[in-house]
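Have a look at the structure below, then the notes.
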Number of protein chains: 2
Amino acid sequence: MLDQGFVDKALESHRAVWTEYDGLRYVRFVDDYQGVCRGTAVFDNQVVYGYPSIGRVLALQSGLKGQFRAPFWMEEKVDGFNVRIFKLNHRILALTRGGFICPFTTDRIPDLMPSGVFEHEPGIVLCGEVVGPDNPYMEGSVPYIKEDVELFVFDIGAISQKQFMVYPEKESVITRYQLPSVRRFGRFELEDLPQISETLLQLNSEFREGVIFKEDSPRDHRAKYTTSNINIVDIEAGAYTMFDLPPEYFKNRIARLVLFLDEQGVSNTLALQQQLGTAYVRGLMEAIQQVHDHHKVFRTFRCRFRERENAVKLLEHLSDIGGHVQITLHELKEANGYWLLEFDKVFPKSSGTLGSLLKGSLLFD
Amino acid sequence: MLDQGFVDKALESHRAVWTEYDGLRYVRFVDDYQGVCRGTAVFDNQVVYGYPSIGRVLALQSGLKGQFRAPFWMEEKVDGFNVRIFKLNHRILALTRGGFICPFTTDRIPDLMPSGVFEHEPGIVLCGEVVGPDNPYMEGSVPYIKEDVELFVFDIGAISQKQFMVYPEKESVITRYQLPSVRRFGRFELEDLPQISETLLQLNSEFREGVIFKEDSPRDHRAKYTTSNINIVDIEAGAYTMFDLPPEYFKNRIARLVLFLDEQGVSNTLALQQQLGTAYVRGLMEAIQQVHDHHKVFRTFRCRFRERENAVKLLEHLSDIGGHVQITLHELKEANGYWLLEFDKVFPKSSGTLGSLLKGSLLFD
């Protein structure tokens, strides 16, 4: 448990803030603070620690060599949003990476996993990714999920503990309670590089994001490595809302893509170069077309809820966290036993900049 | 002439600084300040005003319609570095955009233009672009100059005056003194859009940068418009030193390129998309190769001088203004009546970031 004086200091220095969800008040860390991660949530009698950042290697061979002192596990990295699911008194709740209770994930927990696990293991924190086209946060989706969302667990922690469960124990809990999990490729050593590369090229050809390596040692050191194709997917999505994104968005992805090519020597490089150019042009052209047609750049999101009130809570939450992005409700209707929510995110900088450029205004750049 | 009190205030507020060149002390404006442009140079008895920024339109038709209230002149925009050439007492000097006296251009004035003009017109300021492969500032070059540099005049101002000469008078001075000038396409109105577009498509196919429009009216309003191909050239050059550039560098050029495509409907779009992707990949791959081979990212520059001491002054100047970019002398030798200077610019952020990524270090992005 975190010391009350420590939490008070974090609050005083604005590294943590009081947050409320459905009558529940808790302290949420908005930044890393003296060894406590951003996203950590402190409730009356329990702490759910934030999910720590995982560093990225852009060169596989030297990255593995430089980062790992012992054999390591390899798991698929899936492209969705990070959640931590846990039991608080009599409720099962899901926290987002930032430490907000997610009205969407919390509502859908019974669909995402067999929730009986918390009767037997009330003190665990399931860390996973929610992935799929019908989610309220992420544009685009993965090719292997055609509708709604799915959960993929990749770590199991415990209430008021920073450490994750050791790997074999995590696997045993996943199996015992039939928890949905990311693909686990097994335990590798540096000499297994050819096999690791082969897996990555396979993931790349399926437009899957990449992998996470987790050292099989008490320090549990981690690193991620992503495929080149996922960067092309991201660049097309990003070009669409280009002026609302930090400019590093593109720089980083270009660097990842080219370093992947440099090392893996992906054969059909010319085709890939064309895909990269096409991604930029198509993404931005689509946004221009929307400004021509609708005078704004927006994306439509759809997701489904078990309870109507959670959809309303989600809209409020998105408006609170969206910053300059505007949320517009389309409809909220009952269908097939769910509440279907449809809303737009309007990107004001992209709308404004493209609108003004298309009108012929001057840009001093 | 600027009021002494005004200059003192600019100095006090650090918008202007004292600068020295070869025993000559003057005040240089480092920022725009109360209507006086960055780059303005204040000497004892004369002021050379800074060259004002020209806004860019990214949509041609609406840009011309929105910006111009009268017919306008159209000139080619050439891709080099901006200079202002003028006579101070008995010397002819060249200022850079930032207001530094350029040791290279100043040295080469007799090769760049018939300098007799200043005997007849001692009070003029020739504003132009120095363009060509053998220049000390700009990477890459234009396809139409194969060696050394050339000067292209595009405006004529006067000592201690902000206004430029009116267009017909400028043309007459250029003709009378046979000054090298940018291509002048003539005087157009909005209805001439098809002809303007045709010229731009021609410039695009020749990988020329674009055009400047100048309103034929007392307010002399201006706008620039650039071609799509020049953005691809810039992106390849930029990808090479990606981590030393502001990230907006790429965003802006992608936006210009796609808006050009949107409006001009360049036919061979798939080829262009491939060129865009290729530019990114090739630029960054080259940098990676340099890090593999030389452990650093650098570019070699060559230029020639009439006087040896000016080459030395240039190296000092580049070190002063280069910020984090490092200058390394290769050689300075006499040949064919000139002093040939060869030096490297080493890009420390690109060298460091790529070096560290290739060694397998972790990136938290």
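Simple scheme: letters A, B, ... for chains in structure tokens order, numbers from 1 for residues in each chain, numbers from 1 for ligands in the order shown.
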
Could you list, as a PyMOL selection string, the residues of chain B having an atom within 9 Å of chain A when counting only C-alpha atoms? chain B and resi 53-67+223-224+239+242-243+246-252+254-255+257-259+261-262+270-282+284-285+288+354+357-365

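Contact shell of Pro194 of chain B at 12 Å (only C-alpha atoms; same-chain neighbours under 5 positions omitted): Leu60, Gln61, Phe188, Glu189, Thr199, Leu200, Leu201 and Gln264 of chain B.
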
Could you name the residues that touch segment 82-84 of chain A at 8 Å or less, counting only C-alpha atoms, but leaving out those on the same chain fewer than 3 positions away, as a list in words? Tyr51, Ala94, Leu95, Thr96, Arg97, Val125, Leu126, Cys127, Gly128, Glu129 and Val130 of chain A

What does the file look like for those residues with N, CA and C atoms, as a CSV table (one decimal), in the first residue's frame?
chain,number,residue,atom,x,y,z
A,51,TYR,N,0.4,0.6,-15.7
A,51,TYR,CA,1.1,-0.4,-16.5
A,51,TYR,C,2.4,0.3,-17.1
A,94,ALA,N,-12.5,-1.8,-15.0
A,94,ALA,CA,-11.4,-1.8,-16.0
A,94,ALA,C,-10.8,-0.3,-16.0
A,95,LEU,N,-9.5,-0.2,-15.8
A,95,LEU,CA,-8.8,1.1,-15.9
A,95,LEU,C,-8.2,1.2,-17.2
A,96,THR,N,-8.2,2.4,-17.8
A,96,THR,CA,-7.4,2.7,-19.0
A,96,THR,C,-5.9,2.9,-18.6
A,97,ARG,N,-5.1,3.0,-19.6
A,97,ARG,CA,-3.6,3.3,-19.4
A,97,ARG,C,-3.5,4.5,-18.5
A,125,VAL,N,-4.8,-8.5,-10.9
A,125,VAL,CA,-5.0,-7.4,-11.8
A,125,VAL,C,-4.7,-8.0,-13.2
A,126,LEU,N,-5.7,-8.1,-14.1
A,126,LEU,CA,-5.5,-8.6,-15.4
A,126,LEU,C,-5.1,-7.5,-16.3
A,127,CYS,N,-3.9,-7.5,-16.9
A,127,CYS,CA,-3.4,-6.5,-17.8
A,127,CYS,C,-3.6,-7.0,-19.2
A,128,GLY,N,-4.3,-6.3,-20.1
A,128,GLY,CA,-4.5,-6.8,-21.4
A,128,GLY,C,-4.8,-5.6,-22.4
A,129,GLU,N,-5.1,-6.0,-23.6
A,129,GLU,CA,-5.4,-5.1,-24.7
A,129,GLU,C,-6.8,-5.4,-25.2
A,130,VAL,N,-7.6,-4.4,-25.3
A,130,VAL,CA,-8.9,-4.5,-25.9
A,130,VAL,C,-8.8,-4.1,-27.4

In Å and to one decimal, atom CA of Glu139 of chain A is distant from atom CA of Cys102 of chain A by 17.2 Å

Which residues come within 10 Å of Glu286 of chain A, counting only C-alpha atoms, excluding same-chain residues fewer than 5 positions away, as a list in words? Glu236, Ala239, Tyr240, Thr241, Val281, Val291, His292 and Val297 of chain A

Selection: 12 Å around Glu206 of chain B, only C-alpha atoms, excl. self and same-chain fewer than 4 positions, as a VMD selection string: chain B and resid 142 to 144 199 to 202 210 227 to 230 233

As a PyMOL selection string, please: all residues of segment 45-165 of chain B that backbone DSSP puts in strand (DSSP E or B). chain B and resi 47-48+56+72-77+81-88+91-96+101+124-131+150-158+161

Write out, as a CSV table (one decimal), in the first residue's frame, the residues just selected, with N, CA and C atoms.
chain,number,residue,atom,x,y,z
B,47,VAL,N,20.8,51.6,-43.7
B,47,VAL,CA,20.0,50.4,-43.3
B,47,VAL,C,19.7,49.5,-44.5
B,48,VAL,N,20.0,48.2,-44.4
B,48,VAL,CA,19.5,47.3,-45.4
B,48,VAL,C,18.4,46.5,-44.7
B,56,ARG,N,2.6,31.3,-48.3
B,56,ARG,CA,2.4,30.3,-49.3
B,56,ARG,C,1.0,30.0,-49.5
B,72,PHE,N,-1.4,40.4,-61.4
B,72,PHE,CA,-0.2,40.1,-60.7
B,72,PHE,C,0.9,39.5,-61.7
B,73,TRP,N,2.1,39.8,-61.3
B,73,TRP,CA,3.3,39.3,-62.0
B,73,TRP,C,3.6,37.9,-61.5
B,74,MET,N,4.1,37.0,-62.4
B,74,MET,CA,4.5,35.7,-62.0
B,74,MET,C,5.9,35.5,-62.3
B,75,GLU,N,6.7,35.0,-61.4
B,75,GLU,CA,8.2,34.7,-61.5
B,75,GLU,C,8.5,33.3,-61.1
B,76,GLU,N,9.6,32.8,-61.6
B,76,GLU,CA,10.0,31.5,-61.1
B,76,GLU,C,10.6,31.6,-59.7
B,77,LYS,N,10.3,30.7,-58.8
B,77,LYS,CA,10.9,30.6,-57.5
B,77,LYS,C,12.0,29.6,-57.6
B,81,PHE,N,19.8,30.0,-51.7
B,81,PHE,CA,19.8,30.8,-50.5
B,81,PHE,C,19.6,32.2,-50.8
B,82,ASN,N,18.9,32.9,-50.0
B,82,ASN,CA,18.5,34.3,-50.2
B,82,ASN,C,19.6,35.3,-49.8
B,83,VAL,N,20.0,36.2,-50.7
B,83,VAL,CA,21.0,37.2,-50.4
B,83,VAL,C,20.5,38.6,-50.8
B,84,ARG,N,21.1,39.6,-50.1
B,84,ARG,CA,20.9,41.0,-50.5
B,84,ARG,C,22.3,41.6,-50.7
B,85,ILE,N,22.5,42.1,-51.9
B,85,ILE,CA,23.8,42.6,-52.3
B,85,ILE,C,23.7,44.1,-52.5
B,86,PHE,N,24.7,44.8,-51.9
B,86,PHE,CA,24.6,46.3,-51.8
B,86,PHE,C,26.0,46.9,-51.6
B,87,LYS,N,26.1,48.2,-51.8
B,87,LYS,CA,27.4,48.8,-51.6
B,87,LYS,C,27.4,49.6,-50.3
B,88,LEU,N,28.5,49.3,-49.6
B,88,LEU,CA,28.7,50.1,-48.3
B,88,LEU,C,30.0,50.8,-48.4
B,91,ARG,N,32.8,49.1,-50.5
B,91,ARG,CA,32.8,47.6,-50.7
B,91,ARG,C,31.4,47.2,-51.1
B,92,ILE,N,31.4,46.1,-51.9
B,92,ILE,CA,30.2,45.5,-52.2
B,92,ILE,C,30.0,44.2,-51.4
B,93,LEU,N,28.9,44.1,-50.7
B,93,LEU,CA,28.7,43.1,-49.7
B,93,LEU,C,27.4,42.3,-50.0
B,94,ALA,N,27.4,41.1,-49.5
B,94,ALA,CA,26.1,40.3,-49.6
B,94,ALA,C,25.7,39.9,-48.2
B,95,LEU,N,24.4,40.1,-47.9
B,95,LEU,CA,23.9,39.7,-46.6
B,95,LEU,C,23.0,38.4,-46.8
B,96,THR,N,23.1,37.5,-45.9
B,96,THR,CA,22.2,36.3,-45.9
B,96,THR,C,20.8,36.8,-45.4
B,101,ILE,N,26.8,39.0,-43.0
B,101,ILE,CA,27.5,39.2,-44.2
B,101,ILE,C,28.1,37.8,-44.6
B,124,ILE,N,21.1,51.0,-54.6
B,124,ILE,CA,20.2,49.9,-54.7
B,124,ILE,C,20.6,48.7,-53.8
B,125,VAL,N,19.7,47.8,-53.5
B,125,VAL,CA,19.9,46.6,-52.9
B,125,VAL,C,19.3,45.5,-53.8
B,126,LEU,N,20.2,44.6,-54.3
B,126,LEU,CA,19.8,43.6,-55.2
B,126,LEU,C,19.4,42.3,-54.3
B,127,CYS,N,18.1,41.9,-54.4
B,127,CYS,CA,17.7,40.8,-53.7
B,127,CYS,C,17.6,39.6,-54.6
B,128,GLY,N,18.2,38.5,-54.3
B,128,GLY,CA,18.2,37.4,-55.2
B,128,GLY,C,18.5,36.1,-54.5
B,129,GLU,N,18.6,35.0,-55.3
B,129,GLU,CA,18.9,33.7,-54.7
B,129,GLU,C,20.2,33.2,-55.4
B,130,VAL,N,21.1,32.7,-54.5
B,130,VAL,CA,22.3,32.0,-55.0
B,130,VAL,C,22.0,30.5,-55.1
B,131,VAL,N,22.2,29.9,-56.2
B,131,VAL,CA,21.7,28.6,-56.5
B,131,VAL,C,22.8,27.8,-57.2
B,150,GLU,N,25.0,30.1,-59.3
B,150,GLU,CA,24.6,31.3,-60.1
B,150,GLU,C,23.7,32.1,-59.2
B,151,LEU,N,23.6,33.4,-59.6
B,151,LEU,CA,22.7,34.3,-58.9
B,151,LEU,C,21.5,34.6,-59.8
B,152,PHE,N,20.3,34.7,-59.1
B,152,PHE,CA,19.1,35.1,-59.8
B,152,PHE,C,18.5,36.2,-59.0
B,153,VAL,N,18.4,37.4,-59.6
B,153,VAL,CA,17.8,38.5,-58.9
B,153,VAL,C,16.3,38.5,-59.1
B,154,PHE,N,15.6,38.8,-58.0
B,154,PHE,CA,14.1,38.8,-58.1
B,154,PHE,C,13.5,40.1,-57.6
B,155,ASP,N,14.2,40.9,-56.8
B,155,ASP,CA,13.7,42.2,-56.4
B,155,ASP,C,14.8,43.1,-56.3
B,156,ILE,N,14.5,44.4,-56.4
B,156,ILE,CA,15.5,45.5,-56.2
B,156,ILE,C,14.9,46.4,-55.2
B,157,GLY,N,15.7,46.6,-54.1
B,157,GLY,CA,15.3,47.5,-53.1
B,157,GLY,C,16.2,48.7,-53.1
B,158,ALA,N,16.1,49.5,-52.0
B,158,ALA,CA,17.1,50.6,-51.9
B,158,ALA,C,17.5,50.7,-50.5
B,161,GLN,N,15.3,51.9,-47.3
B,161,GLN,CA,13.9,51.9,-47.7
B,161,GLN,C,13.4,50.5,-47.7

What lies within 9 Å of Phe343 of chain B using only C-alpha atoms, ignoring chain neighbours under 4 positions off, as a PyMOL selection string? chain B and resi 136+299-302+315+327-332
